[in-house]
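One file, protein.txt, carrying compact mmCIF, N, CA, C and O atoms:
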# COMPACT_ATOMS: atom_id res chain seq x y z
N MET A 2 0.85 -1.19 0.00
CA MET A 2 0.00 0.00 0.00
C MET A 2 0.89 1.25 0.00
O MET A 2 1.87 1.33 0.73
N THR A 3 0.55 2.23 -0.80
CA THR A 3 1.27 3.49 -0.86
C THR A 3 0.46 4.56 -0.14
O THR A 3 -0.76 4.62 -0.29
N GLN A 4 1.16 5.40 0.64
CA GLN A 4 0.49 6.46 1.38
C GLN A 4 1.19 7.78 1.14
O GLN A 4 2.41 7.81 0.97
N LEU A 5 0.43 8.85 1.13
CA LEU A 5 1.01 10.18 1.04
C LEU A 5 1.67 10.50 2.37
O LEU A 5 1.02 10.43 3.42
N SER A 6 2.95 10.83 2.35
CA SER A 6 3.62 11.17 3.60
C SER A 6 3.58 12.67 3.86
O SER A 6 3.29 13.11 4.97
N THR A 7 3.86 13.48 2.84
CA THR A 7 3.91 14.93 3.03
C THR A 7 3.60 15.63 1.72
O THR A 7 4.03 15.20 0.66
N PHE A 8 2.87 16.73 1.79
CA PHE A 8 2.66 17.61 0.65
C PHE A 8 3.64 18.76 0.82
O PHE A 8 3.60 19.49 1.82
N VAL A 9 4.56 18.92 -0.13
CA VAL A 9 5.63 19.91 -0.04
C VAL A 9 5.35 21.07 -0.99
O VAL A 9 5.07 20.86 -2.17
N ILE A 10 5.43 22.28 -0.47
CA ILE A 10 5.20 23.48 -1.26
C ILE A 10 6.54 24.20 -1.46
O ILE A 10 7.22 24.53 -0.48
N ASP A 11 6.92 24.41 -2.72
CA ASP A 11 8.14 25.15 -3.03
C ASP A 11 7.93 26.64 -2.73
O ASP A 11 6.83 27.17 -2.95
N CYS A 12 8.99 27.30 -2.26
CA CYS A 12 8.87 28.71 -1.93
C CYS A 12 10.25 29.35 -1.78
O CYS A 12 11.27 28.66 -1.79
N ALA A 13 10.28 30.66 -1.61
CA ALA A 13 11.53 31.38 -1.40
C ALA A 13 11.93 31.40 0.08
O ALA A 13 13.10 31.35 0.42
N ASP A 14 10.94 31.49 0.97
CA ASP A 14 11.20 31.62 2.40
C ASP A 14 10.32 30.64 3.18
O ASP A 14 9.20 30.97 3.55
N PRO A 15 10.82 29.40 3.40
CA PRO A 15 9.98 28.39 4.03
C PRO A 15 9.48 28.76 5.43
O PRO A 15 8.35 28.45 5.77
N ARG A 16 10.29 29.45 6.21
CA ARG A 16 9.86 29.80 7.57
C ARG A 16 8.71 30.80 7.53
O ARG A 16 7.72 30.67 8.24
N LYS A 17 8.83 31.81 6.69
CA LYS A 17 7.77 32.83 6.58
C LYS A 17 6.46 32.19 6.12
O LYS A 17 5.40 32.48 6.66
N LEU A 18 6.53 31.32 5.12
CA LEU A 18 5.32 30.70 4.61
C LEU A 18 4.73 29.72 5.63
O LEU A 18 3.51 29.66 5.82
N ALA A 19 5.59 28.99 6.33
CA ALA A 19 5.11 28.08 7.38
C ALA A 19 4.43 28.87 8.50
O ALA A 19 3.40 28.44 9.03
N ASP A 20 4.99 30.02 8.86
CA ASP A 20 4.36 30.85 9.90
C ASP A 20 2.97 31.32 9.46
O ASP A 20 2.04 31.36 10.27
N PHE A 21 2.82 31.66 8.17
CA PHE A 21 1.51 32.05 7.67
C PHE A 21 0.52 30.90 7.82
O PHE A 21 -0.57 31.07 8.39
N TYR A 22 0.87 29.70 7.32
CA TYR A 22 -0.05 28.57 7.40
C TYR A 22 -0.25 28.08 8.84
O TYR A 22 -1.31 27.57 9.18
N LYS A 23 0.74 28.28 9.69
CA LYS A 23 0.57 27.96 11.12
C LYS A 23 -0.55 28.81 11.69
O LYS A 23 -1.42 28.32 12.41
N ALA A 24 -0.54 30.10 11.36
CA ALA A 24 -1.59 31.00 11.83
C ALA A 24 -2.95 30.64 11.23
O ALA A 24 -3.98 30.71 11.91
N VAL A 25 -2.96 30.23 9.97
CA VAL A 25 -4.21 29.89 9.28
C VAL A 25 -4.80 28.59 9.83
O VAL A 25 -5.99 28.50 10.12
N LEU A 26 -3.95 27.56 9.96
CA LEU A 26 -4.43 26.22 10.31
C LEU A 26 -4.36 25.89 11.79
O LEU A 26 -5.00 24.94 12.25
N GLY A 27 -3.52 26.60 12.53
CA GLY A 27 -3.35 26.29 13.94
C GLY A 27 -2.46 25.09 14.19
O GLY A 27 -2.42 24.57 15.30
N TRP A 28 -1.73 24.64 13.17
CA TRP A 28 -0.84 23.50 13.32
C TRP A 28 0.51 23.98 13.84
O TRP A 28 0.91 25.12 13.61
N GLU A 29 1.24 23.10 14.48
CA GLU A 29 2.55 23.43 15.02
C GLU A 29 3.67 23.09 14.04
O GLU A 29 3.54 22.13 13.25
N ILE A 30 4.74 23.83 14.10
CA ILE A 30 5.95 23.50 13.34
C ILE A 30 6.62 22.32 14.03
O ILE A 30 6.89 22.37 15.24
N THR A 31 6.85 21.27 13.27
CA THR A 31 7.43 20.05 13.84
C THR A 31 8.89 19.84 13.47
O THR A 31 9.57 19.02 14.09
N TYR A 32 9.37 20.56 12.46
CA TYR A 32 10.78 20.49 12.07
C TYR A 32 11.11 21.75 11.30
O TYR A 32 10.29 22.24 10.52
N SER A 33 12.32 22.25 11.49
CA SER A 33 12.73 23.45 10.78
C SER A 33 14.24 23.49 10.62
O SER A 33 14.98 23.19 11.56
N ASP A 34 14.70 23.83 9.42
CA ASP A 34 16.10 24.19 9.18
C ASP A 34 16.07 25.32 8.15
O ASP A 34 15.01 25.87 7.86
N ASP A 35 17.21 25.69 7.60
CA ASP A 35 17.25 26.82 6.68
C ASP A 35 16.47 26.58 5.39
O ASP A 35 16.04 27.53 4.74
N ASP A 36 16.31 25.32 4.99
CA ASP A 36 15.70 25.01 3.70
C ASP A 36 14.36 24.29 3.77
O ASP A 36 13.66 24.22 2.76
N PHE A 37 13.99 23.75 4.91
CA PHE A 37 12.74 23.00 5.05
C PHE A 37 12.06 23.36 6.36
O PHE A 37 12.72 23.51 7.38
N VAL A 38 10.74 23.47 6.31
CA VAL A 38 9.94 23.62 7.52
C VAL A 38 8.73 22.71 7.37
O VAL A 38 8.04 22.75 6.35
N TYR A 39 8.51 21.88 8.39
CA TYR A 39 7.35 20.99 8.41
C TYR A 39 6.32 21.54 9.37
O TYR A 39 6.63 21.92 10.49
N LEU A 40 5.08 21.54 8.91
CA LEU A 40 3.95 21.99 9.70
C LEU A 40 3.09 20.77 9.94
O LEU A 40 2.61 20.15 8.99
N GLY A 41 2.93 20.39 11.21
CA GLY A 41 2.24 19.14 11.49
C GLY A 41 3.02 18.00 10.89
O GLY A 41 4.25 18.05 10.79
N ASP A 42 2.33 16.99 10.45
CA ASP A 42 3.03 15.84 9.86
C ASP A 42 2.69 15.61 8.39
O ASP A 42 3.08 14.60 7.82
N ARG A 43 2.01 16.58 7.75
CA ARG A 43 1.62 16.36 6.36
C ARG A 43 1.88 17.52 5.41
O ARG A 43 1.66 17.42 4.22
N LEU A 44 2.34 18.65 5.93
CA LEU A 44 2.54 19.83 5.08
C LEU A 44 3.93 20.39 5.34
O LEU A 44 4.33 20.57 6.49
N ALA A 45 4.68 20.64 4.26
CA ALA A 45 6.04 21.16 4.40
C ALA A 45 6.31 22.23 3.36
O ALA A 45 5.63 22.31 2.34
N PHE A 46 7.33 23.02 3.63
CA PHE A 46 7.72 24.13 2.77
C PHE A 46 9.21 23.99 2.49
O PHE A 46 10.00 23.81 3.41
N GLN A 47 9.57 24.08 1.22
CA GLN A 47 10.94 23.85 0.78
C GLN A 47 11.47 25.06 0.03
O GLN A 47 10.83 25.55 -0.89
N ARG A 48 12.67 25.52 0.44
CA ARG A 48 13.31 26.65 -0.24
C ARG A 48 13.75 26.23 -1.64
O ARG A 48 14.36 25.19 -1.83
N VAL A 49 13.44 27.08 -2.61
CA VAL A 49 13.87 26.89 -4.00
C VAL A 49 14.54 28.19 -4.42
O VAL A 49 13.94 29.27 -4.32
N GLU A 50 15.79 28.09 -4.84
CA GLU A 50 16.50 29.28 -5.30
C GLU A 50 15.78 29.91 -6.48
O GLU A 50 15.26 29.22 -7.35
N ASN A 51 15.73 31.22 -6.50
CA ASN A 51 15.09 31.98 -7.57
C ASN A 51 13.62 31.61 -7.74
O ASN A 51 13.09 31.64 -8.85
N TYR A 52 12.96 31.25 -6.64
CA TYR A 52 11.55 30.87 -6.69
C TYR A 52 10.72 32.01 -7.26
O TYR A 52 10.91 33.18 -6.93
N ARG A 53 9.76 31.64 -8.10
CA ARG A 53 8.80 32.57 -8.68
C ARG A 53 7.42 31.98 -8.47
O ARG A 53 7.14 30.86 -8.91
N GLY A 54 6.57 32.68 -7.78
CA GLY A 54 5.23 32.17 -7.48
C GLY A 54 4.37 32.03 -8.72
O GLY A 54 4.62 32.67 -9.74
N PRO A 55 3.33 31.20 -8.64
CA PRO A 55 2.44 30.98 -9.78
C PRO A 55 1.56 32.20 -10.05
O PRO A 55 1.36 33.03 -9.18
N SER A 56 1.06 32.29 -11.24
CA SER A 56 0.10 33.33 -11.61
C SER A 56 -1.31 32.84 -11.30
O SER A 56 -1.55 31.65 -11.17
N TRP A 57 -2.24 33.76 -11.23
CA TRP A 57 -3.64 33.40 -11.09
C TRP A 57 -4.47 34.45 -11.81
O TRP A 57 -4.26 35.64 -11.57
N PRO A 58 -5.37 34.05 -12.68
CA PRO A 58 -5.59 32.67 -13.14
C PRO A 58 -4.48 32.25 -14.10
O PRO A 58 -3.89 33.09 -14.79
N ASP A 59 -4.23 30.97 -14.14
CA ASP A 59 -3.16 30.44 -14.98
C ASP A 59 -3.40 28.96 -15.20
O ASP A 59 -3.47 28.19 -14.24
N ASP A 60 -3.52 28.54 -16.45
CA ASP A 60 -3.73 27.12 -16.75
C ASP A 60 -2.54 26.27 -16.36
O ASP A 60 -2.65 25.05 -16.25
N ALA A 61 -1.36 26.89 -16.15
CA ALA A 61 -0.17 26.13 -15.79
C ALA A 61 -0.12 25.81 -14.29
O ALA A 61 0.77 25.12 -13.83
N LYS A 62 -1.06 26.33 -13.51
CA LYS A 62 -1.11 26.03 -12.08
C LYS A 62 -1.42 24.55 -11.93
O LYS A 62 -2.31 24.02 -12.57
N HIS A 63 -0.67 23.86 -11.08
CA HIS A 63 -0.80 22.40 -11.01
C HIS A 63 -1.51 21.89 -9.77
O HIS A 63 -2.07 20.81 -9.79
N ALA A 64 -1.44 22.60 -8.66
CA ALA A 64 -2.05 22.12 -7.42
C ALA A 64 -2.38 23.31 -6.53
O ALA A 64 -1.78 24.38 -6.65
N HIS A 65 -3.35 23.13 -5.65
CA HIS A 65 -3.65 24.14 -4.65
C HIS A 65 -4.31 23.46 -3.46
O HIS A 65 -4.77 22.32 -3.56
N LEU A 66 -4.34 24.14 -2.34
CA LEU A 66 -4.98 23.63 -1.13
C LEU A 66 -6.42 24.13 -1.09
O LEU A 66 -6.70 25.27 -1.46
N ASP A 67 -7.32 23.29 -0.62
CA ASP A 67 -8.69 23.69 -0.31
C ASP A 67 -8.83 23.65 1.20
O ASP A 67 -8.54 22.61 1.83
N LEU A 68 -9.26 24.75 1.79
CA LEU A 68 -9.43 24.83 3.24
C LEU A 68 -10.91 25.03 3.55
O LEU A 68 -11.57 25.89 2.97
N SER A 69 -11.42 24.24 4.46
CA SER A 69 -12.82 24.31 4.85
C SER A 69 -13.00 25.30 6.00
O SER A 69 -12.25 25.27 6.98
N VAL A 70 -13.96 26.20 5.84
CA VAL A 70 -14.26 27.21 6.86
C VAL A 70 -15.76 27.21 7.13
O VAL A 70 -16.55 26.71 6.33
N GLU A 71 -16.14 27.78 8.26
CA GLU A 71 -17.57 27.86 8.58
C GLU A 71 -18.28 28.91 7.74
O GLU A 71 -19.44 28.76 7.40
N ASP A 72 -17.56 30.00 7.43
CA ASP A 72 -18.16 31.12 6.71
C ASP A 72 -17.11 31.71 5.78
O ASP A 72 -15.98 31.97 6.20
N LEU A 73 -17.47 31.95 4.54
CA LEU A 73 -16.52 32.51 3.58
C LEU A 73 -16.03 33.90 3.97
O LEU A 73 -14.99 34.36 3.48
N LYS A 74 -16.72 34.56 4.89
CA LYS A 74 -16.27 35.86 5.37
C LYS A 74 -14.95 35.73 6.14
O LYS A 74 -14.28 36.73 6.38
N GLN A 75 -14.57 34.51 6.50
CA GLN A 75 -13.29 34.28 7.16
C GLN A 75 -12.12 34.64 6.25
O GLN A 75 -10.99 34.78 6.72
N ALA A 76 -12.38 34.82 4.97
CA ALA A 76 -11.32 35.25 4.05
C ALA A 76 -10.72 36.56 4.53
O ALA A 76 -9.51 36.77 4.41
N GLU A 77 -11.53 37.43 5.10
CA GLU A 77 -11.03 38.72 5.59
C GLU A 77 -10.00 38.51 6.70
O GLU A 77 -9.01 39.24 6.77
N ASP A 78 -10.20 37.52 7.56
CA ASP A 78 -9.23 37.23 8.62
C ASP A 78 -7.89 36.79 8.02
O ASP A 78 -6.83 37.15 8.53
N LEU A 79 -7.95 36.00 6.95
CA LEU A 79 -6.72 35.50 6.33
C LEU A 79 -6.00 36.61 5.58
O LEU A 79 -4.77 36.62 5.50
N ILE A 80 -6.75 37.57 5.06
CA ILE A 80 -6.13 38.73 4.41
C ILE A 80 -5.35 39.54 5.45
O ILE A 80 -4.24 40.01 5.18
N LYS A 81 -5.86 39.64 6.64
CA LYS A 81 -5.14 40.33 7.72
C LYS A 81 -3.84 39.61 8.08
O LYS A 81 -2.91 40.24 8.57
N LEU A 82 -3.78 38.31 7.82
CA LEU A 82 -2.57 37.53 8.11
C LEU A 82 -1.55 37.59 6.96
O LEU A 82 -0.44 37.09 7.11
N GLY A 83 -1.94 38.15 5.81
CA GLY A 83 -1.01 38.27 4.70
C GLY A 83 -1.47 37.67 3.39
O GLY A 83 -0.78 37.76 2.38
N ALA A 84 -2.64 37.03 3.37
CA ALA A 84 -3.20 36.52 2.11
C ALA A 84 -3.70 37.69 1.27
O ALA A 84 -3.95 38.78 1.80
N THR A 85 -3.84 37.47 -0.01
CA THR A 85 -4.44 38.47 -0.89
C THR A 85 -5.61 37.82 -1.64
O THR A 85 -5.64 36.59 -1.81
N ARG A 86 -6.54 38.64 -2.05
CA ARG A 86 -7.72 38.15 -2.78
C ARG A 86 -7.64 38.66 -4.21
O ARG A 86 -7.83 39.86 -4.45
N PRO A 87 -7.36 37.76 -5.16
CA PRO A 87 -7.29 38.20 -6.56
C PRO A 87 -8.67 38.59 -7.09
O PRO A 87 -9.70 38.18 -6.55
N ASP A 88 -8.68 39.39 -8.14
CA ASP A 88 -9.93 39.83 -8.74
C ASP A 88 -10.73 38.67 -9.32
O ASP A 88 -11.96 38.63 -9.19
N PHE A 89 -10.04 37.72 -9.97
CA PHE A 89 -10.73 36.60 -10.61
C PHE A 89 -11.20 35.61 -9.55
O PHE A 89 -10.40 35.00 -8.85
N GLN A 90 -12.53 35.48 -9.42
CA GLN A 90 -13.16 34.63 -8.41
C GLN A 90 -14.21 33.75 -9.09
O GLN A 90 -15.37 34.13 -9.19
N PRO A 91 -13.83 32.56 -9.56
CA PRO A 91 -14.76 31.73 -10.30
C PRO A 91 -15.78 30.97 -9.44
O PRO A 91 -16.69 30.35 -9.97
N GLY A 92 -15.65 31.02 -8.12
CA GLY A 92 -16.49 30.19 -7.26
C GLY A 92 -17.82 30.77 -6.88
O GLY A 92 -18.61 30.11 -6.21
N GLY A 93 -18.10 32.01 -7.28
CA GLY A 93 -19.36 32.63 -6.89
C GLY A 93 -19.47 32.66 -5.38
O GLY A 93 -18.55 33.07 -4.69
N ASP A 94 -20.59 32.17 -4.85
CA ASP A 94 -20.76 32.14 -3.39
C ASP A 94 -20.40 30.77 -2.81
O ASP A 94 -20.68 30.50 -1.65
N LYS A 95 -19.78 29.90 -3.61
CA LYS A 95 -19.42 28.55 -3.15
C LYS A 95 -18.00 28.46 -2.61
O LYS A 95 -17.72 27.66 -1.73
N TRP A 96 -17.06 29.25 -3.16
CA TRP A 96 -15.70 29.27 -2.64
C TRP A 96 -15.02 30.58 -2.98
O TRP A 96 -15.46 31.31 -3.87
N VAL A 97 -13.95 30.87 -2.25
CA VAL A 97 -13.16 32.07 -2.44
C VAL A 97 -11.73 31.65 -2.73
O VAL A 97 -11.18 30.78 -2.05
N VAL A 98 -11.13 32.26 -3.74
CA VAL A 98 -9.73 32.03 -4.05
C VAL A 98 -8.91 33.11 -3.36
O VAL A 98 -9.22 34.30 -3.47
N LEU A 99 -7.88 32.69 -2.63
CA LEU A 99 -6.92 33.60 -2.03
C LEU A 99 -5.52 33.20 -2.49
O LEU A 99 -5.34 32.10 -3.03
N ARG A 100 -4.57 34.07 -2.25
CA ARG A 100 -3.16 33.75 -2.54
C ARG A 100 -2.38 33.94 -1.24
O ARG A 100 -2.59 34.93 -0.54
N ASP A 101 -1.50 32.99 -0.94
CA ASP A 101 -0.69 33.12 0.27
C ASP A 101 0.40 34.18 0.04
O ASP A 101 0.51 34.73 -1.06
N PRO A 102 1.20 34.49 1.05
CA PRO A 102 2.20 35.56 0.90
C PRO A 102 3.24 35.33 -0.21
O PRO A 102 3.88 36.28 -0.65
N GLU A 103 3.39 34.10 -0.71
CA GLU A 103 4.32 33.86 -1.81
C GLU A 103 3.60 33.63 -3.14
O GLU A 103 4.20 33.27 -4.13
N GLY A 104 2.29 33.83 -3.15
CA GLY A 104 1.53 33.80 -4.39
C GLY A 104 0.83 32.49 -4.72
O GLY A 104 0.15 32.41 -5.74
N HIS A 105 0.97 31.46 -3.87
CA HIS A 105 0.28 30.19 -4.15
C HIS A 105 -1.23 30.39 -3.95
O HIS A 105 -1.66 30.82 -2.87
N PRO A 106 -2.03 30.05 -4.95
CA PRO A 106 -3.48 30.14 -4.75
C PRO A 106 -3.96 29.02 -3.83
O PRO A 106 -3.40 27.93 -3.83
N PHE A 107 -4.97 29.34 -3.03
CA PHE A 107 -5.65 28.34 -2.23
C PHE A 107 -7.11 28.76 -2.12
O PHE A 107 -7.44 29.93 -2.34
N CYS A 108 -7.98 27.81 -1.84
CA CYS A 108 -9.41 28.09 -1.82
C CYS A 108 -9.98 27.90 -0.43
O CYS A 108 -9.59 26.99 0.30
N LEU A 109 -10.94 28.73 -0.11
CA LEU A 109 -11.75 28.56 1.10
C LEU A 109 -13.11 28.10 0.64
O LEU A 109 -13.68 28.66 -0.31
N THR A 110 -13.63 27.09 1.29
CA THR A 110 -14.96 26.59 0.98
C THR A 110 -15.67 26.25 2.27
O THR A 110 -15.02 25.93 3.27
N THR A 111 -16.98 26.35 2.27
CA THR A 111 -17.72 25.99 3.48
C THR A 111 -17.92 24.48 3.49
O THR A 111 -17.95 23.83 2.46
N SER A 112 -18.07 23.95 4.67
CA SER A 112 -18.23 22.51 4.80
C SER A 112 -19.62 22.03 4.40
O SER A 112 -19.84 20.84 4.27
N ASN A 113 -20.60 22.95 4.20
CA ASN A 113 -21.94 22.51 3.80
C ASN A 113 -22.00 22.33 2.32
O ASN A 113 -21.55 22.96 1.52

Final structure tokens representation of the file:
Amino acid sequence: MTQLSTFVIDCADPRKLADFYKAVLGWEITYSDDDFVYLGDRLAFQRVENYRGPSWPDDAKHAHLDLSVEDLKQAEDLIKLGATRPDFQPGGDKWVVLRDPEGHPFCLTTSN
């Protein structure tokens, strides 16, 4: 049987990005060095030299995180933490697209 051990996100500053997601998810940092930071046991951030964040919208985007929230208005709380809300919002009232401090798009959706 094969299991997913960790989802790794490439970035320029793994500690800064891990701190953002720590605030968003409430997970603890479980390992950290200059090039890698692990958040909990399934999410990690890896330094990539000359990293350039993805565009949005962009057909070349390959993966993103979906985060479940009670109310889509919680997007405003994440913007205060450093997320940005791009103009292009294809989800209507079903989900909100945000970008983390390094430009990775992620979605907020309600659990209903």

Distance in Å - atom C of Pro106 (chain A) versus atom N of Thr3 (chain A): 27.3 Å

Which residues are close to region 18-31 of chain A, i.e. within 4.5 Å by all atoms listed in the file, leaving aside same-chain residues fewer than 3 positions away? Reply as a compact mmCIF listing (two decimals) with N, CA, C and O atoms, in the frame of the given file.
# COMPACT_ATOMS: atom_id res chain seq x y z
N ASP A 14 10.94 31.49 0.97
CA ASP A 14 11.20 31.62 2.40
C ASP A 14 10.32 30.64 3.18
O ASP A 14 9.20 30.97 3.55
N PRO A 15 10.82 29.40 3.40
CA PRO A 15 9.98 28.39 4.03
C PRO A 15 9.48 28.76 5.43
O PRO A 15 8.35 28.45 5.77
N TYR A 39 8.51 21.88 8.39
CA TYR A 39 7.35 20.99 8.41
C TYR A 39 6.32 21.54 9.37
O TYR A 39 6.63 21.92 10.49
N LEU A 40 5.08 21.54 8.91
CA LEU A 40 3.95 21.99 9.70
C LEU A 40 3.09 20.77 9.94
O LEU A 40 2.61 20.15 8.99
N GLY A 41 2.93 20.39 11.21
CA GLY A 41 2.24 19.14 11.49
C GLY A 41 3.02 18.00 10.89
O GLY A 41 4.25 18.05 10.79

Residue nearest Thr7 (chain A) - candidates A:Asp67, A:Leu44, A:Gly54, A:Thr110, atoms counted: only C-alpha atoms: A:Leu44

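Among the candidates A:Leu66, A:Val98, A:Val9, A:Ala61, the one nearest to Val38 (chain A) when counting all atoms listed in the file is A:Val9.
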
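Computed from the coordinates, the atom N of Asp72 (chain A) to CA of His105 (chain A) distance equals 21.3 Å.
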
Spatial neighbours of Arg86 (chain A), 12 Å, only C-alpha atoms, chain gap at least 6 places, as an NGL selection string: :A and (57-58 or 76-80 or 96-102 or 104-109)
